[in-house]
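The block underneath contains the structure these notes are about, expressed in structure tokens.
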Amino acid sequence: MWADLRPIGRSPATGGYRRFAWTGADTDCRAWFRAQAESRGLTYELDRNGNQWAWLGDPTAGDAVVTGSHLDSVPDGGAFDGPLGVVSSFAALDELGARGARPAKPLAVVNFGDEEGARFGVACVGSRLAAGLLTPAQARELRDSDGLTLPQAMERAGYDPGAIGPDPERLARIGAFIELHIEQGRALALPSEGPVGGTGSPVGVASAIWPHGRWRFDFHGEANHAGTTRIEDRRDPMLTYADTVLAARTTARLAGALATFGKVSVEPGGVNAIASLVRGWLDSRAADEETLVAVVDGIQRAAVERGTLDGVEVSVTRESFTPVVEFAHGLRDTLASLLGRDGTPVPLLPTGAGHDAGILSASVPTAMLFVRNPTGVSHSPAETAAEDDCLAGVQALADVLEGLACH
């Protein structure tokens, strides 16, 4: 499976992946998922929001145990973020079959669409729509960098977007959702390779997801000639943007939080022209919502203050926000018990990364398994995991599915 999926959407120049929602690479990933489902005799479904499902057992029976993740990527992303969870889910079903396990509940593998939000700027579009956290009206307003709307992109990919929206009946069939994911950090690394106190365990269980969000900062200045406009006559939004980037780093560091400007656009974009508009997108995360709000407010104040000095108008739009997610303690503890039968406790890990499991947590009992990442690198072609650790993840996921669905 890994070999078949590996080349899809991979850039020969960078070695990273560009599997953006409703593109050719995404279509190829979806075809791969459907082929995996049908080769196992699973019931394949495409829901109203473009999420893919593969069912073992009656999809309408209720109290189903579902696992899976996503197949899309960030720009030049790694091979493991998302796909490891989907590949491991099919492999875990194969392992259950090899064990002769007899599920008493329906089992399913899911591929949620547009989890990374690389094309339209909002993360977890497929699961947010299903859970009602993104309205159809909001989704229809999403545009990519070429101005193409989400519905237009879906139509070009051969999908009818007319039915997008909340899917409570489908979610009501799910008794538990388990997402396996590569760890985006080094808490599981061997003590000799990772941070002080690294657990050395190949697999961990998620305890919580930090609150996080995305904000668009618009810096409006005045376009002018780079070679003739005096410094004192300029209203250069690039200066205000640059100062805001530095302010974000300082504000987050002092608060023990995270703040990143990872995307910027400039108009008109000429080398010999002072910009009229700079847009920068802020990603910020913190251990609690109070800290997150304080950090973003601090960054916005710094931007406005600097803009006043530069003659630049600053406006801020919150494009997405996810509150803190405490995974269902009962399900989390059940996973820890199932995986700690040999007397070795399973590490419980918080994470600053968002996931579909976090989006669904308000509607469905959810939990997550993390597979060791020796370098901690993610959202990069350097992202990796050892084969033995990936296989340990499959065994752990199979243990969990067997414990939840077969007894």
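Following the order of the structure tokens, chains are lettered A, B, ..., residues in each are numbered from 1, and ligands are numbered from 1.
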
Residue contacts of region 265-271 of chain A (12 Å, only C-alpha atoms) excluding same-chain residues fewer than 3 positions away, as a PyMOL selection string: chain A and resi 145+216-227+236-238+241+261-262+274-281

Members of region 204-239 of chain A assigned strand (DSSP E or B) by DSSP, as a PyMOL selection string: chain A and resi 204-209+212-220+224-225

Long-range neighbours of Thr291 (chain A) as number ranges by chain, 12 Å cut-off, only C-alpha atoms, 6 positions minimum in chain: A: 210-212, 251-259, 284-285, 297-298, 323-324

Which of A:Arg306, A:Ala21, A:Gln184, A:Gly77 sits closest to Thr149 (chain A) [using only C-alpha atoms]: A:Ala21

Surrounding residues of region 33-39 of chain A excluding itself and chain neighbours under 5 positions, 10 Å, only C-alpha atoms, as a list in words: Met1, Leu5, Thr27, Asp28, Tyr44, Glu45, Leu46, Gln52, Trp53, Ala54, Trp55, Leu56, Leu71, Val86, Val87, Phe90, Ala108, Val109, Val110 and Asn111 of chain A

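Across the model, the gap from CA of Leu129 (chain A) to CA of Leu404 (chain A) is 26.7 Å.
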
Selection: 7 Å around Ile299 (chain A), only C-alpha atoms, excl. self and same-chain fewer than 6 positions, as number ranges by chain: A: 244, 247-248, 251

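If only C-alpha atoms are the atoms counted, then among A:Leu84, A:Val312, A:Val377, A:Ala206 the closest residue to Arg235 (chain A) is A:Val312.
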
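Residue nearest Gly354 (chain A), chosen from A:Arg318, A:Arg214, A:Arg341, A:Arg230 and counting only C-alpha atoms: A:Arg214.
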
Neighbour list for Val325 (chain A) as a ChimeraX atom specification, cut-off 6 Å, only C-alpha atoms, skip fewer than 3 positions in-chain: /A:208-209,358

Could you write out that same residue set with all heavy atoms as a PDB file, in the first residue's frame?
```pdb
ATOM      1  N   ALA A 208      -4.888  15.586  24.731  1.00  0.00           N
ATOM      2  CA  ALA A 208      -5.614  16.806  24.399  1.00  0.00           C
ATOM      3  C   ALA A 208      -4.954  17.483  23.202  1.00  0.00           C
ATOM      4  O   ALA A 208      -3.802  17.212  22.865  1.00  0.00           O
ATOM      5  CB  ALA A 208      -5.634  17.763  25.590  1.00  0.00           C
ATOM      6  N   ILE A 209      -5.718  18.365  22.557  1.00  0.00           N
ATOM      7  CA  ILE A 209      -5.209  19.213  21.477  1.00  0.00           C
ATOM      8  C   ILE A 209      -5.283  20.664  21.930  1.00  0.00           C
ATOM      9  O   ILE A 209      -6.337  21.128  22.395  1.00  0.00           O
ATOM     10  CB  ILE A 209      -6.032  19.040  20.184  1.00  0.00           C
ATOM     11  CG1 ILE A 209      -5.913  17.606  19.654  1.00  0.00           C
ATOM     12  CG2 ILE A 209      -5.573  20.027  19.114  1.00  0.00           C
ATOM     13  CD1 ILE A 209      -6.774  17.342  18.425  1.00  0.00           C
ATOM     14  N   GLY A 358     -10.121  15.897  16.564  1.00  0.00           N
ATOM     15  CA  GLY A 358     -10.475  17.020  17.418  1.00  0.00           C
ATOM     16  C   GLY A 358     -11.754  17.693  16.973  1.00  0.00           C
ATOM     17  O   GLY A 358     -12.589  18.089  17.803  1.00  0.00           O
TER      18      GLY A 358
END
```

Helix (DSSP H, G or I) residues, from DSSP on the backbone, in region 293-334 of chain A, as a PyMOL selection string: chain A and resi 293-310+329-334

Store the residues picked out above, limited to C-alpha atoms, as a PDB file, in the first residue's frame.
```pdb
ATOM      1  CA  VAL A 293      -6.443  35.129  22.977  1.00  0.00           C
ATOM      2  CA  ALA A 294      -3.884  37.242  24.823  1.00  0.00           C
ATOM      3  CA  VAL A 295      -1.150  36.357  22.322  1.00  0.00           C
ATOM      4  CA  VAL A 296      -3.240  37.160  19.241  1.00  0.00           C
ATOM      5  CA  ASP A 297      -4.517  40.391  20.822  1.00  0.00           C
ATOM      6  CA  GLY A 298      -0.946  41.376  21.609  1.00  0.00           C
ATOM      7  CA  ILE A 299       0.171  40.746  18.039  1.00  0.00           C
ATOM      8  CA  GLN A 300      -2.743  42.750  16.680  1.00  0.00           C
ATOM      9  CA  ARG A 301      -1.973  45.691  18.988  1.00  0.00           C
ATOM     10  CA  ALA A 302       1.655  45.668  17.869  1.00  0.00           C
ATOM     11  CA  ALA A 303       0.569  45.645  14.228  1.00  0.00           C
ATOM     12  CA  VAL A 304      -1.817  48.577  14.667  1.00  0.00           C
ATOM     13  CA  GLU A 305       0.751  50.610  16.624  1.00  0.00           C
ATOM     14  CA  ARG A 306       3.408  50.081  13.977  1.00  0.00           C
ATOM     15  CA  GLY A 307       0.889  50.755  11.215  1.00  0.00           C
ATOM     16  CA  THR A 308       0.112  54.134  12.763  1.00  0.00           C
ATOM     17  CA  LEU A 309       3.796  55.062  12.524  1.00  0.00           C
ATOM     18  CA  ASP A 310       4.045  53.812   8.931  1.00  0.00           C
ATOM     19  CA  HIS A 329     -11.390  10.363  29.130  1.00  0.00           C
ATOM     20  CA  GLY A 330     -13.273   7.078  29.174  1.00  0.00           C
ATOM     21  CA  LEU A 331     -12.242   6.168  25.628  1.00  0.00           C
ATOM     22  CA  ARG A 332      -8.718   7.474  26.160  1.00  0.00           C
ATOM     23  CA  ASP A 333      -8.314   5.372  29.285  1.00  0.00           C
ATOM     24  CA  THR A 334      -9.720   2.325  27.492  1.00  0.00           C
TER      25      THR A 334
END
```

Distance query His181 (chain A) at most 8 Å, only C-alpha atoms, self and fewer than 2 positions along chain excluded, as a PyMOL selection string: chain A and resi 69+80-82+84-85+179+183+368-371

From A:Leu349, A:Ala328, A:Ala139, A:Val203, residue lying nearest Cys390 (chain A) [only C-alpha atoms]: A:Val203

Considering only C-alpha atoms, tabulate each residue of region 47-127 of chain A that lies at most 10 Å from region 6-13 of chain A along with its nearest interatomic pair and the corresponding distance in Å to one decimal; arrange the rows by chain and ascending residue number and present them as JSON lines.
```
{"residue": "A:Asp72", "atom": "CA", "partner": "A:Gly9", "partner_atom": "CA", "distance": 9.3}
{"residue": "A:Ser73", "atom": "CA", "partner": "A:Gly9", "partner_atom": "CA", "distance": 9.1}
{"residue": "A:Pro75", "atom": "CA", "partner": "A:Ser11", "partner_atom": "CA", "distance": 9.8}
{"residue": "A:Asp76", "atom": "CA", "partner": "A:Ser11", "partner_atom": "CA", "distance": 7.4}
{"residue": "A:Gly77", "atom": "CA", "partner": "A:Arg10", "partner_atom": "CA", "distance": 9.1}
{"residue": "A:Gly78", "atom": "CA", "partner": "A:Arg10", "partner_atom": "CA", "distance": 9.4}
{"residue": "A:Ala79", "atom": "CA", "partner": "A:Arg6", "partner_atom": "CA", "distance": 7.1}
{"residue": "A:Phe80", "atom": "CA", "partner": "A:Arg6", "partner_atom": "CA", "distance": 9.7}
{"residue": "A:Pro83", "atom": "CA", "partner": "A:Arg6", "partner_atom": "CA", "distance": 9.4}
```

Take the residues from that selection and write them out as a compact mmCIF listing (two decimals), in the first residue's frame, keeping N, CA, C and O atoms.
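Output below, filename again_34.txt:
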```txt
# COMPACT_ATOMS: atom_id res chain seq x y z
N ASP A 72 -4.63 14.31 2.06
CA ASP A 72 -4.12 15.55 1.47
C ASP A 72 -2.90 16.02 2.25
O ASP A 72 -2.55 15.47 3.29
N SER A 73 -2.23 17.05 1.73
CA SER A 73 -0.98 17.52 2.34
C SER A 73 -0.91 19.03 2.37
O SER A 73 -1.66 19.73 1.68
N PRO A 75 1.65 22.30 1.42
CA PRO A 75 2.61 22.45 0.32
C PRO A 75 3.96 21.83 0.67
O PRO A 75 4.54 22.15 1.71
N ASP A 76 4.43 20.92 -0.18
CA ASP A 76 5.69 20.22 0.05
C ASP A 76 5.72 19.52 1.40
O ASP A 76 6.73 19.55 2.12
N GLY A 77 4.61 18.89 1.74
CA GLY A 77 4.51 18.17 3.00
C GLY A 77 5.21 16.82 2.95
O GLY A 77 5.74 16.39 1.92
N GLY A 78 5.21 16.15 4.11
CA GLY A 78 5.84 14.84 4.22
C GLY A 78 4.90 13.72 3.83
O GLY A 78 3.71 13.93 3.59
N ALA A 79 5.45 12.52 3.79
CA ALA A 79 4.69 11.35 3.33
C ALA A 79 3.78 10.77 4.40
O ALA A 79 2.86 10.03 4.08
N PHE A 80 4.03 11.10 5.68
CA PHE A 80 3.38 10.36 6.77
C PHE A 80 2.18 11.08 7.38
O PHE A 80 1.27 10.43 7.89
N PRO A 83 -1.53 10.20 5.62
CA PRO A 83 -1.54 8.89 4.97
C PRO A 83 -1.16 7.73 5.89
O PRO A 83 -1.68 6.63 5.71
```

A:Arg19, A:Arg234, A:Arg249, A:Arg372 ranked by distance to Ala118 (chain A), top pick (using only C-alpha atoms): A:Arg19
